[in-house]
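Dropping final08.cif in here (mmCIF, C-alpha atoms and all ligand atoms):
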```
data_query
#
loop_
_atom_site.label_atom_id
_atom_site.label_comp_id
_atom_site.auth_asym_id
_atom_site.auth_seq_id
_atom_site.Cartn_x
_atom_site.Cartn_y
_atom_site.Cartn_z
CA MET A 1062 -36.67 48.92 -19.40
CA SER A 1063 -33.36 49.19 -17.50
CA ARG A 1064 -31.25 46.03 -17.64
CA TRP A 1065 -31.18 45.59 -13.88
CA GLU A 1066 -34.91 45.03 -14.06
CA ASP A 1067 -34.27 41.70 -15.80
CA ASN A 1068 -32.83 40.49 -12.52
CA VAL A 1069 -35.71 41.54 -10.34
CA ARG A 1070 -37.88 38.90 -8.67
CA LYS A 1071 -41.25 39.94 -9.95
CA VAL A 1072 -44.31 38.85 -8.06
CA VAL A 1073 -48.00 39.65 -7.97
CA PRO A 1074 -48.57 40.27 -4.27
CA TYR A 1075 -51.40 39.02 -2.09
CA VAL A 1076 -54.03 41.70 -1.46
CA PRO A 1077 -55.23 41.69 2.16
CA GLY A 1078 -58.72 42.87 3.11
CA GLU A 1079 -59.17 46.59 3.48
CA GLN A 1080 -58.24 48.24 6.81
CA PRO A 1081 -60.10 51.55 6.60
CA LYS A 1082 -58.77 54.45 8.65
CA CYS A 1083 -62.20 55.60 9.86
CA THR A 1084 -63.53 54.05 13.05
CA ASP A 1085 -67.26 54.66 12.63
CA ILE A 1086 -67.76 51.54 10.50
CA ILE A 1087 -68.85 47.97 11.13
CA LYS A 1088 -65.88 45.94 10.08
CA LEU A 1089 -66.80 42.42 9.00
CA ASN A 1090 -64.23 42.01 6.22
CA THR A 1091 -61.04 40.47 7.63
CA ASN A 1092 -62.20 37.82 10.11
CA GLU A 1093 -61.03 39.67 13.17
CA ASN A 1094 -62.62 38.85 16.51
CA PRO A 1095 -64.82 41.61 17.97
CA TYR A 1096 -64.12 40.85 21.63
CA GLY A 1097 -60.49 41.92 22.00
CA PRO A 1098 -57.67 40.15 23.84
CA SER A 1099 -58.07 38.64 27.30
CA PRO A 1100 -58.04 41.11 30.23
CA LYS A 1101 -54.87 39.33 31.36
CA VAL A 1102 -53.21 40.54 28.16
CA MET A 1103 -54.58 44.07 28.56
CA GLU A 1104 -53.42 44.34 32.17
CA LYS A 1105 -49.93 42.97 31.66
CA THR A 1106 -47.17 45.56 32.04
CA ILE A 1107 -44.37 45.41 29.54
CA GLU A 1108 -40.99 46.71 30.70
CA LEU A 1109 -40.36 48.89 27.70
CA GLU A 1110 -36.83 49.75 28.75
CA LYS A 1111 -36.03 46.13 27.88
CA LEU A 1112 -36.68 46.93 24.23
CA ARG A 1113 -33.01 47.96 24.31
CA LEU A 1114 -32.17 44.27 24.17
CA TYR A 1115 -32.73 41.75 21.41
CA PRO A 1116 -35.65 39.47 22.25
CA ASP A 1117 -35.25 35.79 23.09
CA ASP A 1118 -34.52 34.32 19.65
CA LYS A 1119 -36.19 31.07 20.68
CA ALA A 1120 -39.28 32.81 22.16
CA THR A 1121 -39.03 30.28 24.99
CA LEU A 1122 -41.81 31.69 27.18
CA LEU A 1123 -44.33 31.61 24.35
CA VAL A 1124 -43.16 28.29 22.91
CA GLU A 1125 -43.40 26.65 26.34
CA ALA A 1126 -46.87 28.11 26.96
CA ILE A 1127 -48.12 26.79 23.61
CA ALA A 1128 -46.47 23.39 24.13
CA ASP A 1129 -47.97 23.07 27.57
CA TYR A 1130 -51.41 24.08 26.33
CA HIS A 1131 -51.42 21.49 23.55
CA ASN A 1132 -49.61 18.82 25.54
CA VAL A 1133 -46.63 18.53 23.21
CA LYS A 1134 -42.90 19.10 23.72
CA PRO A 1135 -41.51 22.64 23.20
CA SER A 1136 -39.31 21.08 20.49
CA GLN A 1137 -42.54 20.37 18.57
CA VAL A 1138 -43.57 24.04 18.42
CA PHE A 1139 -42.48 26.65 15.87
CA VAL A 1140 -43.59 30.27 16.31
CA GLY A 1141 -43.75 33.07 13.76
CA VAL A 1142 -45.09 36.51 12.93
CA GLY A 1143 -48.68 35.43 12.32
CA SER A 1144 -49.50 32.19 10.59
CA ASP A 1145 -48.68 33.88 7.29
CA ASP A 1146 -45.04 33.94 8.36
CA VAL A 1147 -45.23 30.37 9.67
CA ILE A 1148 -46.77 29.07 6.42
CA ALA A 1149 -44.25 30.99 4.29
CA MET A 1150 -41.43 29.36 6.31
CA ALA A 1151 -43.08 25.97 5.90
CA PHE A 1152 -43.32 26.46 2.11
CA MET A 1153 -39.60 27.34 2.02
CA THR A 1154 -38.71 24.38 4.21
CA PHE A 1155 -40.87 21.54 2.96
CA PHE A 1156 -41.93 22.33 -0.60
CA ASN A 1157 -38.57 21.90 -2.20
CA SER A 1158 -38.99 19.29 -4.93
CA ASP A 1159 -39.70 19.64 -8.64
CA LYS A 1160 -43.10 18.07 -8.15
CA GLU A 1161 -46.25 20.15 -7.93
CA ILE A 1162 -47.66 21.00 -4.55
CA LEU A 1163 -51.43 20.65 -4.28
CA PHE A 1164 -54.12 22.84 -2.76
CA PRO A 1165 -57.83 23.49 -3.43
CA ASP A 1166 -58.86 25.94 -6.17
CA ILE A 1167 -61.09 27.75 -3.70
CA THR A 1168 -58.98 28.44 -0.66
CA TYR A 1169 -56.76 30.99 1.07
CA SER A 1170 -55.43 33.05 -1.79
CA PHE A 1171 -51.98 33.49 -0.27
CA TYR A 1172 -50.95 29.89 -1.13
CA ASP A 1173 -50.42 30.50 -4.83
CA VAL A 1174 -48.65 33.80 -4.05
CA TRP A 1175 -46.06 32.01 -1.88
CA ALA A 1176 -45.71 29.25 -4.46
CA GLU A 1177 -44.98 31.88 -7.13
CA LEU A 1178 -42.63 33.79 -4.84
CA PHE A 1179 -40.59 30.69 -3.97
CA ARG A 1180 -40.83 29.23 -7.52
CA ILE A 1181 -42.65 26.15 -6.30
CA PRO A 1182 -44.67 24.36 -8.99
CA TYR A 1183 -48.29 24.01 -7.90
CA LYS A 1184 -51.66 22.68 -8.94
CA ARG A 1185 -55.04 23.90 -7.77
CA ILE A 1186 -57.45 21.02 -7.31
CA ALA A 1187 -61.11 21.88 -7.93
CA VAL A 1188 -63.45 21.54 -4.97
CA ASP A 1189 -66.75 19.85 -5.83
CA ASP A 1190 -70.05 21.56 -6.65
CA ASN A 1191 -70.81 21.93 -2.94
CA PHE A 1192 -67.37 23.52 -2.40
CA ARG A 1193 -66.08 20.40 -0.60
CA ILE A 1194 -62.48 19.25 -0.97
CA LYS A 1195 -62.34 15.82 -2.67
CA ARG A 1196 -59.80 13.77 -0.75
CA GLU A 1197 -59.21 11.21 -3.53
CA ASP A 1198 -57.84 14.00 -5.72
CA TYR A 1199 -54.93 14.27 -3.32
CA TYR A 1200 -53.89 10.62 -3.63
CA CYS A 1201 -51.28 11.16 -6.34
CA GLU A 1202 -47.62 12.10 -6.75
CA ASN A 1203 -47.01 15.58 -5.34
CA GLY A 1204 -44.40 17.85 -3.81
CA GLY A 1205 -46.54 18.62 -0.77
CA ILE A 1206 -50.10 19.49 0.21
CA ILE A 1207 -51.69 22.41 2.03
CA PHE A 1208 -55.33 23.14 2.83
CA PRO A 1209 -57.13 25.05 5.54
CA ASN A 1210 -59.51 23.20 7.83
CA PRO A 1211 -62.06 24.79 8.10
CA ASN A 1212 -61.47 25.96 4.55
CA ALA A 1213 -61.51 29.68 3.75
CA PRO A 1214 -63.46 31.46 2.41
CA THR A 1215 -66.08 28.68 2.49
CA GLY A 1216 -65.95 27.95 6.24
CA ILE A 1217 -66.52 24.25 5.54
CA VAL A 1218 -64.76 21.89 7.94
CA GLU A 1219 -63.76 18.31 7.18
CA SER A 1220 -63.60 15.48 9.72
CA LEU A 1221 -60.48 14.23 11.43
CA ASP A 1222 -60.81 10.97 9.44
CA PHE A 1223 -60.80 12.96 6.23
CA VAL A 1224 -57.62 14.81 7.23
CA GLU A 1225 -55.96 11.60 8.40
CA ASP A 1226 -56.74 9.92 5.07
CA ILE A 1227 -54.94 12.66 3.18
CA VAL A 1228 -51.96 12.53 5.56
CA LYS A 1229 -51.58 8.75 5.47
CA ASN A 1230 -51.96 8.56 1.70
CA ASN A 1231 -49.11 11.05 1.31
CA THR A 1232 -46.34 9.82 3.57
CA ASP A 1233 -43.76 10.84 0.92
CA SER A 1234 -44.61 14.52 1.22
CA CYS A 1235 -45.36 17.06 3.88
CA VAL A 1236 -49.03 17.81 4.51
CA ILE A 1237 -49.79 21.21 6.08
CA VAL A 1238 -53.19 21.69 7.69
CA ASP A 1239 -53.90 25.39 8.19
CA GLU A 1240 -56.14 25.52 11.26
CA ALA A 1241 -56.58 29.30 11.45
CA TYR A 1242 -60.31 28.83 12.23
CA ILE A 1243 -60.49 25.42 13.93
CA ASP A 1244 -61.39 26.82 17.37
CA PHE A 1245 -64.78 27.87 15.98
CA GLY A 1246 -65.78 24.32 15.02
CA GLY A 1247 -64.38 20.94 14.02
CA GLU A 1248 -61.75 18.62 15.34
CA SER A 1249 -58.08 19.57 15.23
CA ALA A 1250 -55.48 17.38 13.56
CA LEU A 1251 -53.12 18.05 16.47
CA SER A 1252 -53.97 14.61 17.86
CA LEU A 1253 -52.25 13.12 14.78
CA VAL A 1254 -48.87 14.87 14.95
CA ASP A 1255 -47.24 12.13 17.02
CA LYS A 1256 -48.57 9.47 14.67
CA TYR A 1257 -47.48 11.00 11.34
CA ASP A 1258 -44.09 12.61 10.89
CA ASN A 1259 -45.22 14.31 7.65
CA LEU A 1260 -48.03 16.35 9.26
CA LEU A 1261 -47.66 20.00 10.19
CA VAL A 1262 -50.58 21.80 11.87
CA VAL A 1263 -50.59 25.61 11.72
CA ARG A 1264 -52.52 27.87 14.12
CA THR A 1265 -52.90 31.59 14.78
CA PHE A 1266 -53.64 34.04 17.59
CA SER A 1267 -55.38 36.35 15.09
CA LYS A 1268 -58.88 34.86 15.16
CA SER A 1269 -59.95 32.91 18.25
CA ARG A 1270 -57.48 34.77 20.52
CA SER A 1271 -58.47 38.14 19.10
CA MET A 1272 -54.88 39.30 18.67
CA ALA A 1273 -54.49 39.88 14.94
CA GLY A 1274 -52.55 43.07 15.63
CA ILE A 1275 -49.79 41.38 17.56
CA ARG A 1276 -48.93 38.88 14.77
CA ILE A 1277 -48.47 35.47 16.39
CA GLY A 1278 -48.81 32.18 14.58
CA TYR A 1279 -47.42 28.74 15.32
CA ALA A 1280 -46.94 25.30 13.89
CA ILE A 1281 -46.91 21.94 15.65
CA GLY A 1282 -45.43 18.77 14.22
CA CYS A 1283 -42.90 16.08 15.06
CA GLU A 1284 -39.55 17.29 16.41
CA LYS A 1285 -37.81 16.64 13.12
CA LEU A 1286 -40.20 18.85 11.11
CA ILE A 1287 -39.86 21.68 13.61
CA LYS A 1288 -36.09 21.43 13.62
CA PHE A 1289 -36.04 21.71 9.81
CA MET A 1290 -38.26 24.79 10.02
CA ASN A 1291 -36.10 26.41 12.68
CA ASP A 1292 -32.98 25.75 10.61
CA VAL A 1293 -34.55 27.71 7.75
CA LYS A 1294 -35.82 30.45 10.06
CA PHE A 1295 -32.43 30.91 11.73
CA SER A 1296 -30.86 31.14 8.27
CA TYR A 1297 -33.18 33.98 7.42
CA ASN A 1298 -34.09 36.08 10.48
CA SER A 1299 -33.27 35.03 14.04
CA TYR A 1300 -35.45 37.60 15.78
CA THR A 1301 -38.90 37.21 14.33
CA MET A 1302 -40.78 37.36 17.63
CA ASN A 1303 -40.55 40.66 19.48
CA MET A 1304 -40.50 40.90 23.28
CA PRO A 1305 -44.09 42.19 23.76
CA SER A 1306 -45.48 39.42 21.50
CA ILE A 1307 -43.69 36.73 23.45
CA ILE A 1308 -45.00 38.02 26.79
CA LEU A 1309 -48.55 38.91 25.71
CA GLY A 1310 -48.96 35.71 23.71
CA ALA A 1311 -48.13 33.67 26.81
CA GLU A 1312 -50.65 35.73 28.84
CA SER A 1313 -53.39 34.96 26.34
CA ILE A 1314 -52.73 31.24 26.60
CA ALA A 1315 -53.06 31.51 30.39
CA ASP A 1316 -56.68 32.74 30.16
CA GLU A 1317 -58.61 29.70 29.02
CA GLU A 1318 -61.90 30.90 30.48
CA TYR A 1319 -61.95 34.14 28.52
CA PHE A 1320 -60.84 32.31 25.38
CA ARG A 1321 -63.68 29.76 25.65
CA SER A 1322 -66.32 32.33 26.47
CA THR A 1323 -65.49 34.63 23.53
CA VAL A 1324 -65.19 31.73 21.07
CA ASN A 1325 -68.61 30.48 22.24
CA LYS A 1326 -70.11 33.93 21.80
CA VAL A 1327 -68.87 34.04 18.20
CA ILE A 1328 -70.32 30.57 17.53
CA GLU A 1329 -73.70 31.51 19.04
CA THR A 1330 -73.85 34.74 17.04
CA ARG A 1331 -72.94 32.83 13.87
CA GLU A 1332 -75.83 30.41 14.35
CA TYR A 1333 -78.20 33.30 15.11
CA PHE A 1334 -77.06 35.25 12.04
CA VAL A 1335 -77.42 32.26 9.69
CA GLU A 1336 -80.99 31.67 10.91
CA GLU A 1337 -81.98 35.31 10.60
CA ILE A 1338 -80.65 35.83 7.09
CA ALA A 1339 -82.26 32.58 5.90
CA LYS A 1340 -85.58 34.38 6.48
CA LEU A 1341 -84.42 36.96 3.91
CA GLY A 1342 -83.58 34.44 1.20
CA PHE A 1343 -79.86 34.08 1.94
CA THR A 1344 -78.11 30.73 2.17
CA CYS A 1345 -74.74 30.10 3.78
CA LEU A 1346 -72.33 27.25 3.27
CA PRO A 1347 -72.13 25.28 6.54
CA SER A 1348 -69.60 27.29 8.53
CA ALA A 1349 -67.28 26.10 11.29
CA ALA A 1350 -65.38 29.39 11.27
CA ASN A 1351 -65.82 32.96 12.54
CA PHE A 1352 -67.29 33.98 9.20
CA VAL A 1353 -69.98 32.80 6.82
CA PHE A 1354 -69.96 32.55 3.05
CA MET A 1355 -73.39 33.69 1.95
CA THR A 1356 -75.33 34.12 -1.25
CA HIS A 1357 -78.82 35.36 -2.11
CA GLU A 1358 -81.47 33.80 -4.34
CA SER A 1359 -81.86 36.99 -6.39
CA LEU A 1360 -79.66 39.85 -5.14
CA GLN A 1361 -76.15 40.10 -6.59
CA ALA A 1362 -73.30 39.78 -4.07
CA LYS A 1363 -71.26 42.55 -5.66
CA GLU A 1364 -74.14 44.98 -5.34
CA ILE A 1365 -74.74 44.08 -1.71
CA PHE A 1366 -71.03 44.52 -1.03
CA GLU A 1367 -70.98 47.98 -2.58
CA LYS A 1368 -74.17 49.17 -0.94
CA ALA A 1369 -73.05 47.84 2.44
CA LYS A 1370 -69.85 49.83 2.12
CA GLU A 1371 -71.81 52.97 1.36
CA ASN A 1372 -73.65 52.24 4.59
CA LYS A 1373 -70.35 51.86 6.46
CA ILE A 1374 -70.55 48.09 6.73
CA TYR A 1375 -67.47 46.36 5.32
CA VAL A 1376 -67.67 42.74 4.18
CA ARG A 1377 -65.46 40.79 1.76
CA TYR A 1378 -66.22 40.16 -1.89
CA PHE A 1379 -64.00 38.07 -4.18
CA ASN A 1380 -64.38 38.76 -7.87
CA LYS A 1381 -63.26 35.24 -8.81
CA PRO A 1382 -64.75 32.38 -10.80
CA ARG A 1383 -67.26 30.19 -8.91
CA ILE A 1384 -67.46 32.51 -5.87
CA ASP A 1385 -68.32 35.85 -7.42
CA ASN A 1386 -71.88 35.73 -6.17
CA TYR A 1387 -70.90 35.14 -2.54
CA LEU A 1388 -69.98 37.42 0.33
CA ARG A 1389 -67.66 36.46 3.15
CA VAL A 1390 -68.97 38.03 6.30
CA THR A 1391 -67.05 37.98 9.57
CA ILE A 1392 -69.11 37.30 12.69
CA GLY A 1393 -69.00 40.42 14.87
CA THR A 1394 -70.94 41.15 18.04
CA LYS A 1395 -74.68 40.44 18.07
CA GLU A 1396 -75.33 44.19 17.84
CA GLN A 1397 -73.13 44.50 14.75
CA MET A 1398 -74.84 41.53 13.10
CA ASP A 1399 -78.25 43.00 13.93
CA THR A 1400 -77.26 46.23 12.19
CA PHE A 1401 -76.13 44.24 9.17
CA ILE A 1402 -79.39 42.23 9.20
CA GLU A 1403 -81.39 45.47 9.28
CA PHE A 1404 -79.39 46.71 6.30
CA LEU A 1405 -80.04 43.44 4.42
CA LYS A 1406 -83.75 43.73 5.21
CA SER A 1407 -83.77 47.19 3.64
CA LEU A 1408 -82.32 45.68 0.43
CA VAL A 1409 -84.65 42.71 0.27
N1 LIG B 1501 -54.68 31.04 6.97
C1 LIG B 1501 -55.93 31.39 6.63
C2 LIG B 1501 -56.81 30.35 6.05
C3 LIG B 1501 -56.38 32.70 6.81
O1 LIG B 1501 -57.61 33.05 6.44
C4 LIG B 1501 -55.50 33.65 7.39
C5 LIG B 1501 -55.99 35.07 7.62
N2 LIG B 1501 -55.81 35.93 6.55
C6 LIG B 1501 -54.21 33.25 7.71
C7 LIG B 1501 -53.83 31.94 7.51
C8 LIG B 1501 -53.19 34.21 8.25
O2 LIG B 1501 -53.52 34.75 9.46
P1 LIG B 1501 -52.41 35.39 10.41
O3 LIG B 1501 -51.19 35.68 9.59
O4 LIG B 1501 -53.05 36.61 10.94
O5 LIG B 1501 -52.14 34.37 11.46
#
```
Reformat the file's structure so that it appears as structure tokens.
Ligand code: PMP
Amino acid sequence: MSRWEDNVRKVVPYVPGEQPKCTDIIKLNTNENPYGPSPKVMEKTIELEKLRLYPDDKATLLVEAIADYHNVKPSQVFVGVGSDDVIAMAFMTFFNSDKEILFPDITYSFYDVWAELFRIPYKRIAVDDNFRIKREDYYCENGGIIFPNPNAPTGIVESLDFVEDIVKNNTDSCVIVDEAYIDFGGESALSLVDKYDNLLVVRTFSKSRSMAGIRIGYAIGCEKLIKFMNDVKFSYNSYTMNMPSIILGAESIADEEYFRSTVNKVIETREYFVEEIAKLGFTCLPSAANFVFMTHESLQAKEIFEKAKENKIYVRYFNKPRIDNYLRVTIGTKEQMDTFIEFLKSLV
């Protein structure tokens, strides 16, 4: 091995869900929203000649739209290139002690990748036999806490009381609640950000706003937290948000009616799908997200995953301890779910 290789930062990267090139498939593997962005977003003209200029480094239009929507001050909003970017920035900013940060063992598998990348010590805390996070396990010395609510890939949501308990029992560290899926069920912790200065709530436009391709995520917390995050961001890359994202993100926020109606359609289809597959011997963990985590009484998840793919239906399978007999299935349109149900019937 060449000597320079000793100095390389070696990491095992996160592996995102497959994005196949072909279009004649039913894609239920990366929790995208089937309905597309609001018509307001689609109809907005972007003055492309302005791409000559650097974008607004503070993304003011978007930050103000988000602040207004959630009834907080613009100085309480941080925006980034998807919530992945926002969470990475938060790890860099807040998880800076020698103590271990804590997160569930079954959760978003990017957390340990960032911890490794930034050399942050971490501990995975086992969820219980029903895949629920045990709050008492988080009442101990730590360098910070992060968990998604609803959790992924389980879809299980915890109550606001539950989240508040973790936040108030950890006032010496920063608690990040990753609310990528909260619009599909459950109560947001945003109502707590003015009460606890150690709470950061992270959101995304990728799921409920159906804009995964544009890459917008944001965090809301007290002004001090957001200032610390911006100090890190502006020491790293000033222009994270491009001009079209800033403009189109603000347009999406302006269309509450479309947002509500598409979120409700996903929720209705989820409930329908869960009922239908129960008739085929499948059980799902209780989901408050735009996906379900399902298992069958006799069929093996891996086999279903492979056969589905052969039939041009893509779902997600994790070959990991405790969850290797489950499939994570994104909720698509009713027609897409019906096709998947027909496929499952053919297997059963
Ligand atoms: N958090 C969780 C729990 C997720 O499942 C995802 C989607 N992969 C993200 C954050 C990141 O989403 P995005 O970067 O598209 O906002």
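Look at Ser1271 in chain A: the protein and nucleic acid residues within 8 Å of it, using all atoms listed in the file and passing over chain neighbours fewer than 3 places away, are Glu1093, Asn1094, Pro1095, Tyr1096, Gly1097, Pro1098, Phe1266, Ser1267 and Lys1268 of chain A.
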Just want the 10 Å neighbourhood of Val1218 in chain A, counted on all atoms listed in the file, with same-chain residues fewer than 6 positions away dropped. Output as a PyMOL selection string. chain A and resi 1193-1194+1209-1212+1240+1242-1243+1246-1248+1347-1350
Students should find that CA of Ile1217 in chain A and CA of Ser1170 in chain A are spaced 15.9 Å
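Counting all atoms listed in the file and comparing A:Ile1207, A:Ala1151, A:Val1069, A:Val1390, the residue that lies closest to Cys1345 in chain A is A:Val1390.
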Could I get the residue neighbourhood of ligand LIG 1501 (chain B) at 6 Å, counting only C-alpha atoms and all ligand atoms, as a PyMOL selection string? chain A and resi 1143-1145+1169+1209+1213+1239+1241+1265+1267+1273+1278
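Interatomic distance, CA of Ile1167 in chain A against CA of Arg1185 in chain A: 8.2 Å.
CA of Pro1077 in chain A lies 27.7 Å from CA of Tyr1333 in chain A.
Closest approach to Met1398 in chain A among A:Phe1352, A:Phe1366, A:Tyr1378, A:Phe1320 is made by A:Phe1352 (distances from all atoms listed in the file).
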Give me the residues within 8 Å of Leu1309 in chain A as number ranges by chain, counting only C-alpha atoms and dropping any in the same chain fewer than 3 places off. A: 1102, 1105, 1305-1306, 1312-1313
Restricting it to C-alpha atoms, dump the selection as a PDB file, in the coordinates of the input.
```
ATOM      1  CA  VAL A1102     -53.210  40.540  28.160  1.00  0.00           C
ATOM      2  CA  LYS A1105     -49.930  42.970  31.660  1.00  0.00           C
ATOM      3  CA  PRO A1305     -44.090  42.190  23.760  1.00  0.00           C
ATOM      4  CA  SER A1306     -45.480  39.420  21.500  1.00  0.00           C
ATOM      5  CA  GLU A1312     -50.650  35.730  28.840  1.00  0.00           C
ATOM      6  CA  SER A1313     -53.390  34.960  26.340  1.00  0.00           C
TER       7      SER A1313
END
```
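Nearest residue to Val1409 in chain A among A:Arg1377, A:Lys1340, A:Lys1395, A:Lys1134 is A:Lys1340, counting only C-alpha atoms.
Using only C-alpha atoms, the smallest distance between any of A:Phe1295, A:Phe1179, A:Pro1135, A:Leu1163 and Lys1071 in chain A comes from A:Phe1179.
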